[in-house]
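Enquirer: Just start-v5.txt, nothing more (compact mmCIF, C-alpha atoms):
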```
# COMPACT_ATOMS: atom_id res chain seq x y z
CA GLY H 1 38.31 127.54 103.79
CA HIS H 2 41.83 127.19 102.43
CA PRO H 3 44.22 130.17 102.37
CA GLU H 4 44.36 131.91 99.01
CA GLY H 5 47.32 131.03 96.82
CA VAL H 6 47.71 127.48 98.15
CA ASP H 7 48.11 125.23 95.11
CA ILE H 8 45.29 122.74 94.66
CA GLN H 9 47.75 119.91 94.01
CA ALA H 10 49.34 120.52 97.40
CA ARG H 11 45.89 120.33 99.01
CA VAL H 12 45.13 117.05 97.27
CA HIS H 13 48.48 115.59 98.31
CA LEU H 14 47.93 116.70 101.91
CA PHE H 15 44.43 115.20 101.98
CA VAL H 16 45.54 111.85 100.52
CA SER H 17 48.54 111.76 102.84
CA LEU H 18 46.31 112.25 105.86
CA VAL H 19 43.98 109.49 104.70
CA ALA H 20 46.98 107.21 104.17
CA MET H 21 48.31 107.62 107.71
CA ASP H 22 48.61 104.33 109.57
CA ARG H 23 47.27 105.88 112.80
CA VAL H 24 44.42 108.31 113.25
CA TYR H 25 44.44 109.78 116.70
CA SER H 26 40.84 110.12 117.86
CA ALA H 27 38.57 108.63 120.48
CA GLU H 28 38.39 105.47 118.43
CA GLN H 29 41.13 103.81 116.32
CA ILE H 30 40.14 103.81 112.64
CA THR H 31 41.44 101.24 110.15
CA VAL H 32 42.01 102.62 106.64
CA PRO H 33 41.77 100.04 103.82
CA PRO H 34 45.16 99.87 102.03
CA SER H 35 43.66 100.60 98.60
CA LEU H 36 41.69 103.68 99.69
CA PRO H 37 44.44 106.33 99.37
CA GLY H 38 45.26 105.27 95.80
CA ILE H 39 41.58 105.21 94.80
CA LEU H 40 40.97 108.66 96.25
CA LYS H 41 44.10 110.08 94.65
CA GLY H 42 43.07 108.76 91.22
CA PHE H 43 39.54 110.16 91.59
CA THR H 44 40.81 113.54 92.81
CA LYS H 45 43.21 113.84 89.86
CA GLU H 46 40.35 113.23 87.39
CA VAL H 47 38.12 115.78 89.12
CA ILE H 48 40.89 118.37 88.78
CA ARG H 49 41.54 117.38 85.17
CA HIS H 50 37.89 117.33 83.99
CA GLN H 51 36.43 120.06 86.25
CA PRO H 52 32.89 118.55 86.27
CA GLN H 53 30.01 120.93 87.04
CA ASP H 54 28.45 118.29 89.35
CA ILE H 55 31.16 116.40 91.26
CA LEU H 56 28.68 113.97 92.86
CA ASP H 57 27.23 113.04 89.47
CA PHE H 58 30.77 112.64 88.09
CA GLY H 59 31.76 110.53 91.10
CA ALA H 60 28.81 108.17 90.71
CA GLY H 61 29.71 107.50 87.08
CA TYR H 62 33.44 107.32 87.83
CA PHE H 63 33.21 104.62 90.48
CA ALA H 64 30.58 102.63 88.59
CA ALA H 65 32.86 102.57 85.53
CA ALA H 66 35.89 101.72 87.67
CA LYS H 67 34.09 98.69 89.06
CA LYS H 68 33.18 97.51 85.54
CA GLY H 69 36.73 98.09 84.25
CA SER H 70 35.57 100.70 81.73
CA LEU H 71 36.99 103.82 83.37
CA GLU H 72 38.88 104.97 80.29
CA ASP H 73 35.71 104.91 78.17
CA PHE H 74 33.79 106.78 80.88
CA LEU H 75 36.39 109.56 81.07
CA LYS H 76 36.45 109.97 77.28
CA GLY H 77 32.65 110.08 77.20
CA TRP H 78 32.44 112.53 80.09
CA GLY H 79 34.76 114.98 78.33
CA SER H 80 32.51 115.17 75.27
CA ARG H 81 29.39 115.32 77.47
CA GLU H 82 30.72 118.32 79.42
CA VAL H 83 31.60 120.16 76.23
CA LYS H 84 28.02 119.71 74.94
CA LYS H 85 26.46 120.75 78.27
CA ALA H 86 28.57 123.80 79.04
CA PRO H 87 27.60 127.12 77.44
CA GLU H 88 30.31 128.70 75.35
CA THR H 89 32.29 131.35 77.18
CA LYS H 90 34.46 134.16 75.96
CA GLY H 91 37.50 132.20 77.08
CA GLN H 92 36.44 129.13 75.09
CA ARG H 93 35.72 131.20 71.99
CA SER H 94 39.30 132.46 72.21
CA GLY H 95 40.67 128.91 72.21
CA LEU H 96 40.87 128.16 75.95
CA THR H 97 39.64 124.80 77.25
CA ALA H 98 36.70 124.40 79.61
CA GLY H 99 37.45 125.09 83.26
CA GLN H 100 40.70 126.93 82.54
CA GLY H 101 39.48 130.52 82.36
CA SER H 102 42.46 132.49 81.14
CA GLY H 103 44.75 129.42 81.42
CA LEU H 104 46.32 127.18 78.78
CA THR H 105 44.87 126.51 75.35
CA SER H 106 44.18 122.93 74.31
CA ALA H 107 47.18 123.03 71.97
CA GLU H 108 49.47 124.34 74.72
CA GLU H 109 48.28 121.72 77.20
CA LYS H 110 48.84 118.97 74.63
CA GLN H 111 52.36 120.21 73.88
CA ILE H 112 53.21 120.48 77.59
CA LEU H 113 51.99 116.93 78.30
CA GLU H 114 53.96 115.63 75.30
CA LEU H 115 57.07 117.31 76.72
CA PHE H 116 56.32 115.76 80.13
CA SER H 117 56.13 112.33 78.48
CA LYS H 118 59.48 112.83 76.73
CA ILE H 119 61.18 113.87 79.97
CA ASP H 120 59.68 110.85 81.76
CA LEU H 121 62.01 108.41 79.99
CA GLU H 122 61.16 105.42 82.20
CA ASN H 123 57.36 105.86 81.84
CA ARG H 124 56.81 106.18 85.59
CA GLY H 125 54.04 108.76 85.17
CA VAL H 126 56.07 111.24 87.22
CA VAL H 127 59.26 113.25 86.66
CA LEU H 128 62.18 113.05 89.09
CA ALA H 129 64.93 115.61 89.65
CA LYS H 130 67.41 113.51 87.62
CA ASP H 131 65.00 113.48 84.62
CA LEU H 132 64.90 117.27 84.65
CA SER H 133 68.64 117.81 85.14
CA ARG H 134 69.36 118.78 81.53
CA PHE H 135 67.09 121.85 81.89
CA ASP H 136 67.66 122.45 85.56
CA LYS H 137 71.31 122.33 86.61
CA ASN H 138 70.78 123.75 90.10
CA GLY H 139 67.44 122.13 90.96
CA LYS H 140 65.55 125.42 91.30
CA LEU H 141 62.99 124.57 88.62
CA PHE H 142 62.28 121.17 90.17
CA ALA H 143 61.67 122.85 93.55
CA LYS H 144 59.05 125.10 91.93
CA LEU H 145 57.38 122.23 90.08
CA ASP H 146 57.26 119.86 93.06
CA THR H 147 54.59 121.75 94.99
CA SER H 148 53.61 118.66 97.00
CA LYS H 149 57.26 118.26 98.14
CA ASP H 150 57.17 114.48 97.67
CA GLY H 151 60.27 114.32 95.46
CA GLU H 152 58.39 113.83 92.19
CA VAL H 153 56.42 115.97 89.75
CA SER H 154 53.04 114.77 88.48
CA GLU H 155 51.32 115.85 85.26
CA GLU H 156 49.01 118.05 87.32
CA GLU H 157 51.92 119.83 89.01
CA TYR H 158 53.63 120.28 85.65
CA LEU H 159 50.52 121.80 84.07
CA ALA H 160 49.91 124.00 87.11
CA PHE H 161 53.40 125.47 86.76
CA PHE H 162 52.78 126.45 83.14
CA LYS H 163 49.38 127.92 83.97
CA GLY H 164 51.08 130.15 86.51
CA LEU H 165 53.83 130.98 84.01
CA LYS H 166 51.28 132.01 81.41
CA ALA H 167 49.43 134.22 83.89
CA LYS H 168 52.68 136.16 84.45
CA ASN H 169 54.04 136.12 80.89
CA ALA H 170 52.13 134.48 78.03
CA LYS H 171 55.15 134.49 75.68
CA ALA H 172 57.36 132.76 78.26
CA ILE H 173 55.60 129.42 77.64
CA GLU H 174 56.38 129.44 73.94
CA GLY H 175 60.03 130.27 74.66
CA TYR H 176 60.44 127.62 77.33
CA LEU H 177 58.80 124.87 75.26
CA ALA H 178 61.02 125.69 72.28
CA TYR H 179 64.12 125.62 74.50
CA ALA H 180 63.09 122.37 76.18
CA GLU H 181 62.37 120.61 72.87
CA LYS H 182 65.74 121.73 71.48
CA THR H 183 67.52 120.55 74.62
CA LEU H 184 65.71 117.20 74.54
CA LEU H 185 66.97 116.51 71.05
CA LYS H 186 70.62 116.73 72.08
CA LEU H 187 72.46 113.84 73.65
CA THR H 188 73.22 114.57 77.29
CA VAL H 189 76.75 114.09 78.65
CA GLY H 190 75.49 111.00 80.49
CA GLU H 191 73.92 109.56 77.33
CA GLU H 192 77.13 110.08 75.35
CA GLU H 193 79.08 108.31 78.10
CA ASP H 194 76.61 105.39 78.08
CA ILE H 195 76.78 105.11 74.28
CA LEU H 196 80.58 105.16 74.18
CA ASP H 197 80.71 102.66 77.05
CA LEU H 198 78.40 100.39 75.04
CA PHE H 199 80.63 100.85 71.96
CA SER H 200 83.66 99.81 74.02
CA LYS H 201 81.91 96.66 75.27
CA VAL H 202 80.68 95.67 71.81
CA ASP H 203 84.21 96.20 70.44
CA THR H 204 85.44 92.88 71.84
CA ASP H 205 88.82 92.95 70.05
CA GLY H 206 89.46 96.52 71.21
CA ASN H 207 90.54 97.84 67.80
CA GLY H 208 88.36 100.97 67.99
CA VAL H 209 85.86 99.95 65.29
CA LEU H 210 82.93 97.54 65.11
CA ASP H 211 82.43 94.86 62.47
CA LYS H 212 79.35 92.76 61.64
CA THR H 213 80.49 89.87 63.81
CA GLU H 214 80.71 92.06 66.92
CA LEU H 215 77.31 93.59 66.28
CA TYR H 216 75.60 90.28 65.48
CA ARG H 217 74.02 89.75 68.90
CA PHE H 218 71.95 92.96 68.42
CA ASP H 219 71.56 92.73 64.68
CA LYS H 220 70.74 89.28 63.31
CA ASN H 221 69.82 90.44 59.80
CA GLY H 222 72.49 93.14 59.36
CA LYS H 223 69.99 96.01 58.93
CA LEU H 224 71.33 97.97 61.89
CA PHE H 225 74.89 97.62 60.65
CA GLY H 226 73.81 99.06 57.30
CA LYS H 227 72.39 102.15 59.02
CA LEU H 228 75.41 102.62 61.28
CA ASP H 229 78.04 102.18 58.55
CA THR H 230 77.41 105.51 56.80
CA SER H 231 80.89 105.50 55.20
CA LYS H 232 80.17 102.05 53.69
CA ASP H 233 83.67 100.80 54.49
CA GLY H 234 82.54 97.67 56.34
CA LYS H 235 83.27 99.03 59.81
CA ILE H 236 81.77 101.48 62.30
CA ASP H 237 83.80 104.07 64.18
CA LYS H 238 82.77 106.02 67.29
CA ALA H 239 81.69 109.09 65.31
CA GLU H 240 79.28 107.01 63.17
CA TYR H 241 77.96 105.28 66.29
CA LEU H 242 77.26 108.57 68.10
CA LYS H 243 75.68 110.10 65.00
CA PHE H 244 73.25 107.20 64.72
CA PHE H 245 72.07 107.65 68.32
CA GLN H 246 71.76 111.40 67.86
CA GLY H 247 69.41 110.71 64.95
CA LEU H 248 67.51 108.14 66.99
CA LYS H 249 66.93 110.70 69.71
CA LEU H 250 65.66 113.24 67.18
CA LYS H 251 62.96 110.78 66.12
CA ASN H 252 62.09 109.32 69.50
CA PRO H 253 63.92 110.18 72.76
CA LYS H 254 62.51 107.13 74.56
CA ALA H 255 63.78 104.78 71.84
CA LEU H 256 67.35 105.76 72.74
CA TRP H 257 66.88 104.80 76.39
CA GLY H 258 65.09 101.59 75.38
CA TYR H 259 67.85 100.53 72.98
CA LEU H 260 70.62 101.17 75.50
CA ARG H 261 68.78 99.07 78.06
CA TYR H 262 68.19 96.27 75.53
CA ALA H 263 71.83 96.34 74.38
CA GLN H 264 73.16 96.15 77.94
CA GLY H 265 71.08 92.99 78.40
CA CYS H 266 72.42 91.46 75.16
CA LEU H 267 75.99 92.14 76.21
CA LYS H 268 75.59 89.69 79.06
CA LYS H 269 74.97 86.81 76.67
CA LEU H 270 77.55 84.86 74.69
CA THR H 271 77.47 85.50 70.96
CA LEU H 272 77.18 82.56 68.54
CA ASP H 273 80.80 83.10 67.51
CA GLU H 274 81.93 83.07 71.14
CA GLU H 275 80.07 79.83 71.84
CA LYS H 276 81.59 78.30 68.72
CA GLU H 277 85.11 79.36 69.76
CA ILE H 278 84.63 78.12 73.35
CA LYS H 279 83.42 74.73 72.14
CA SER H 280 86.43 74.55 69.78
CA VAL H 281 88.80 75.22 72.69
CA PHE H 282 86.99 72.59 74.78
CA ASP H 283 87.37 69.97 72.02
CA THR H 284 91.09 70.76 71.70
CA ILE H 285 91.64 70.41 75.48
CA ASP H 286 89.68 67.12 75.51
CA VAL H 287 92.61 65.09 74.12
CA ASP H 288 91.04 61.63 74.69
CA LYS H 289 87.74 62.78 73.14
CA SER H 290 85.72 61.52 76.11
CA GLY H 291 83.40 64.53 75.97
CA GLU H 292 84.73 65.75 79.32
CA ILE H 293 87.89 67.54 80.47
CA GLU H 294 90.08 66.03 83.19
CA GLU H 295 92.44 68.09 85.35
CA LYS H 296 95.58 66.77 83.61
CA GLU H 297 94.18 67.78 80.19
CA LEU H 298 93.79 71.37 81.39
CA ALA H 299 97.36 71.57 82.74
CA LYS H 300 98.68 73.73 79.90
CA LEU H 301 96.16 76.45 80.72
CA ASP H 302 95.96 75.86 84.46
CA LYS H 303 99.30 75.31 86.21
CA ASN H 304 97.97 75.41 89.79
CA GLY H 305 94.56 73.75 89.31
CA LYS H 306 92.56 76.80 90.39
CA LEU H 307 90.76 77.12 87.06
CA PHE H 308 89.76 73.44 87.08
CA ALA H 309 88.29 73.83 90.58
CA ARG H 310 86.11 76.69 89.37
CA LEU H 311 85.04 74.85 86.21
CA ASP H 312 84.16 71.57 88.00
CA THR H 313 81.00 72.83 89.71
CA SER H 314 79.66 69.28 90.19
CA LYS H 315 82.89 68.29 91.99
CA ASP H 316 83.05 64.92 90.20
CA GLY H 317 86.62 65.36 88.96
CA LYS H 318 85.72 66.27 85.37
CA VAL H 319 84.29 69.18 83.43
CA SER H 320 81.40 68.78 80.99
CA ILE H 321 80.73 71.08 78.04
CA THR H 322 77.77 72.51 79.97
CA GLU H 323 79.96 73.40 82.96
CA TYR H 324 82.54 74.89 80.61
CA LEU H 325 79.98 77.09 78.81
CA ASN H 326 78.33 78.16 82.07
CA PHE H 327 81.70 79.36 83.36
CA PHE H 328 82.09 81.66 80.36
CA LYS H 329 78.48 82.84 80.51
CA LYS H 330 79.12 84.07 84.04
CA MET H 331 82.42 85.60 82.94
CA LYS H 332 80.54 87.49 80.23
CA VAL H 333 78.19 89.04 82.78
CA ASP H 334 81.07 90.12 85.04
CA ASN H 335 83.48 91.24 82.32
CA PRO H 336 82.45 90.93 78.63
CA ARG H 337 85.96 91.49 77.25
CA ALA H 338 87.49 88.78 79.45
CA VAL H 339 85.82 86.07 77.33
CA TYR H 340 87.52 87.26 74.16
CA GLY H 341 90.83 87.58 76.03
CA TYR H 342 90.66 84.02 77.36
CA ILE H 343 89.76 82.54 73.98
CA LYS H 344 92.68 84.38 72.36
CA TYR H 345 95.06 83.21 75.12
CA ALA H 346 93.85 79.57 75.00
CA LYS H 347 94.18 79.38 71.21
CA ARG H 348 97.73 80.70 71.40
CA VAL H 349 98.81 78.26 74.16
CA LEU H 350 97.10 75.32 72.49
CA LYS H 351 98.48 76.36 69.09
CA MET H 352 95.07 76.25 67.47
```
If you convert what's in this file into structure tokens, what do you get?

Expert:
Amino acid sequence: GHPEGVDIQARVHLFVSLVAMDRVYSAEQITVPPSLPGILKGFTKEVIRHQPQDILDFGAGYFAAAKKGSLEDFLKGWGSREVKKAPETKGQRSGLTAGQGSGLTSAEEKQILELFSKIDLENRGVVLAKDLSRFDKNGKLFAKLDTSKDGEVSEEEYLAFFKGLKAKNAKAIEGYLAYAEKTLLKLTVGEEEDILDLFSKVDTDGNGVLDKTELYRFDKNGKLFGKLDTSKDGKIDKAEYLKFFQGLKLKNPKALWGYLRYAQGCLKKLTLDEEKEIKSVFDTIDVDKSGEIEEKELAKLDKNGKLFARLDTSKDGKVSITEYLNFFKKMKVDNPRAVYGYIKYAKRVLKM
């Protein structure tokens, strides 16, 4: 048997790890199918979660459903079946779920899993040390949660921690969940830095406020601008911008991360206004209106010919509008503000 006190999650991890080993040292070399460890891990997790009275019966139904692609329906059905089959216990009458004894109530387990989901911002299904950093500055909590010592915390490990916490101090769970929820609703230092960095990149003219034109690439219909501009003065300052994201996090922490990721992607694209300005500069440089720029036409903006060499990617001695736009698209990815700076410089030199 296993030594008392060894966490069941650690046992499962050890078992799956052993199965997953590339070499098994025995009298005969054994080949383990690549998909077997993942299958066994998934099955083991569901056994721990559902606590079936007959594991073999559960296993037969589990793998049959998995083969048919109806595993989710099977697991939902099994849960209701077990509740009907199992006689009511004192623990269940007091609000504890089947198989938990004096463990977590259904409401507590639901709240803990919801908290787990909020912490898991990238929807990986596991929590990493960096995800937990706002509650765990020194990493001690993560070390306790990560009983398998694989550098990540699963839902099972997270629940196991709270079961142990409740066994020691029932009120501690309520206090920790309240603290964690309150902490989750605040912007972290890293999030504030990301938001202000985004503000700076969107603020292409660098005047410290955003107008509708600058926000257009994220906000085609102007609805977002209306929400951000709480002072209704036609511009958005940093305080309004931060306040909006604080409110977004209150409603849905994952929406904040999703928007920041989406916005960073948009920043790498030219806005409609930028494309329009770039084409206008191109037309002004193209003095003979041939539809292409020759090196001599670019002389005012390019004294040594280095810019022309970079623009003329086809090396045919002229620059098309496509080559010209592509140059600025790449510039936007590398340095968003440089595009605005070049347009401003070119218009001044060309007296546009």

Enquirer: Enumerate, as number ranges by chain, the protein, DNA and RNA residues whose atoms approach (75.3, 99.3, 73.4) to within 7 Å, taking into account all atoms listed in the file and the coordinate frame of the file.

Expert: H: 195, 198-199, 202, 260, 263-264

Enquirer: Rank H:Ser148, H:Ser154, H:Thr271, H:Thr284 by their smallest atom-to-atom distance to Arg124 (chain H), using all atoms listed in the file, and report the top residue only.

Expert: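 Smallest separation from Arg124 (chain H) among the options: H:Ser154.
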
Enquirer: Counting all atoms listed in the file, select every polymer residue within 8 Å of (86.3, 101.6, 62.5) as defined in the file's coordinates, and provide the selection as an NGL selection string.

Expert: :H and (207-211 or 235-238)

Enquirer: Please, what distance in Å, to one decimal, runs between CA of Thr147 (chain H) and CA of Glu114 (chain H)?

Expert: 20.6 Å

Enquirer: Please list as JSON, numbers by chain every residue within 12 Å of Glu174 (chain H), counting all atoms listed in the file and excluding residues in the same chain fewer than 2 positions away.

Expert: {"H": [104, 105, 107, 108, 109, 111, 112, 162, 165, 166, 169, 170, 171, 172, 176, 177, 178, 179, 180, 181]}

Enquirer: Just checking: using only C-alpha atoms, which residue out of H:Gly317, H:Ile278, H:Lys227, H:Glu297 ends up closest to Val339 (chain H)?

Expert: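 The shortest atom-to-atom distance to Val339 (chain H) comes from H:Ile278.
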
Enquirer: So how far away is CA of His50 (chain H) from CA of Gly175 (chain H), in Å?

Expert: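 For CA of Gly175 (chain H) relative to CA of His50 (chain H), the distance reads 27.3 Å.
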
Enquirer: Could you work out how far CA of Ser320 (chain H) lies from CA of Ile293 (chain H), giving the answer in Å with one decimal?

Expert: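 Going from CA of Ile293 (chain H) over to CA of Ser320 (chain H) covers 6.6 Å.
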
Enquirer: Excluding Glu323 (chain H) and residues on its chain fewer than 6 positions from it, collect all residues at most 8 Å away from it, counting all atoms listed in the file, and give them as an MDAnalysis selection string.

Expert: chainID H and resid 311:313
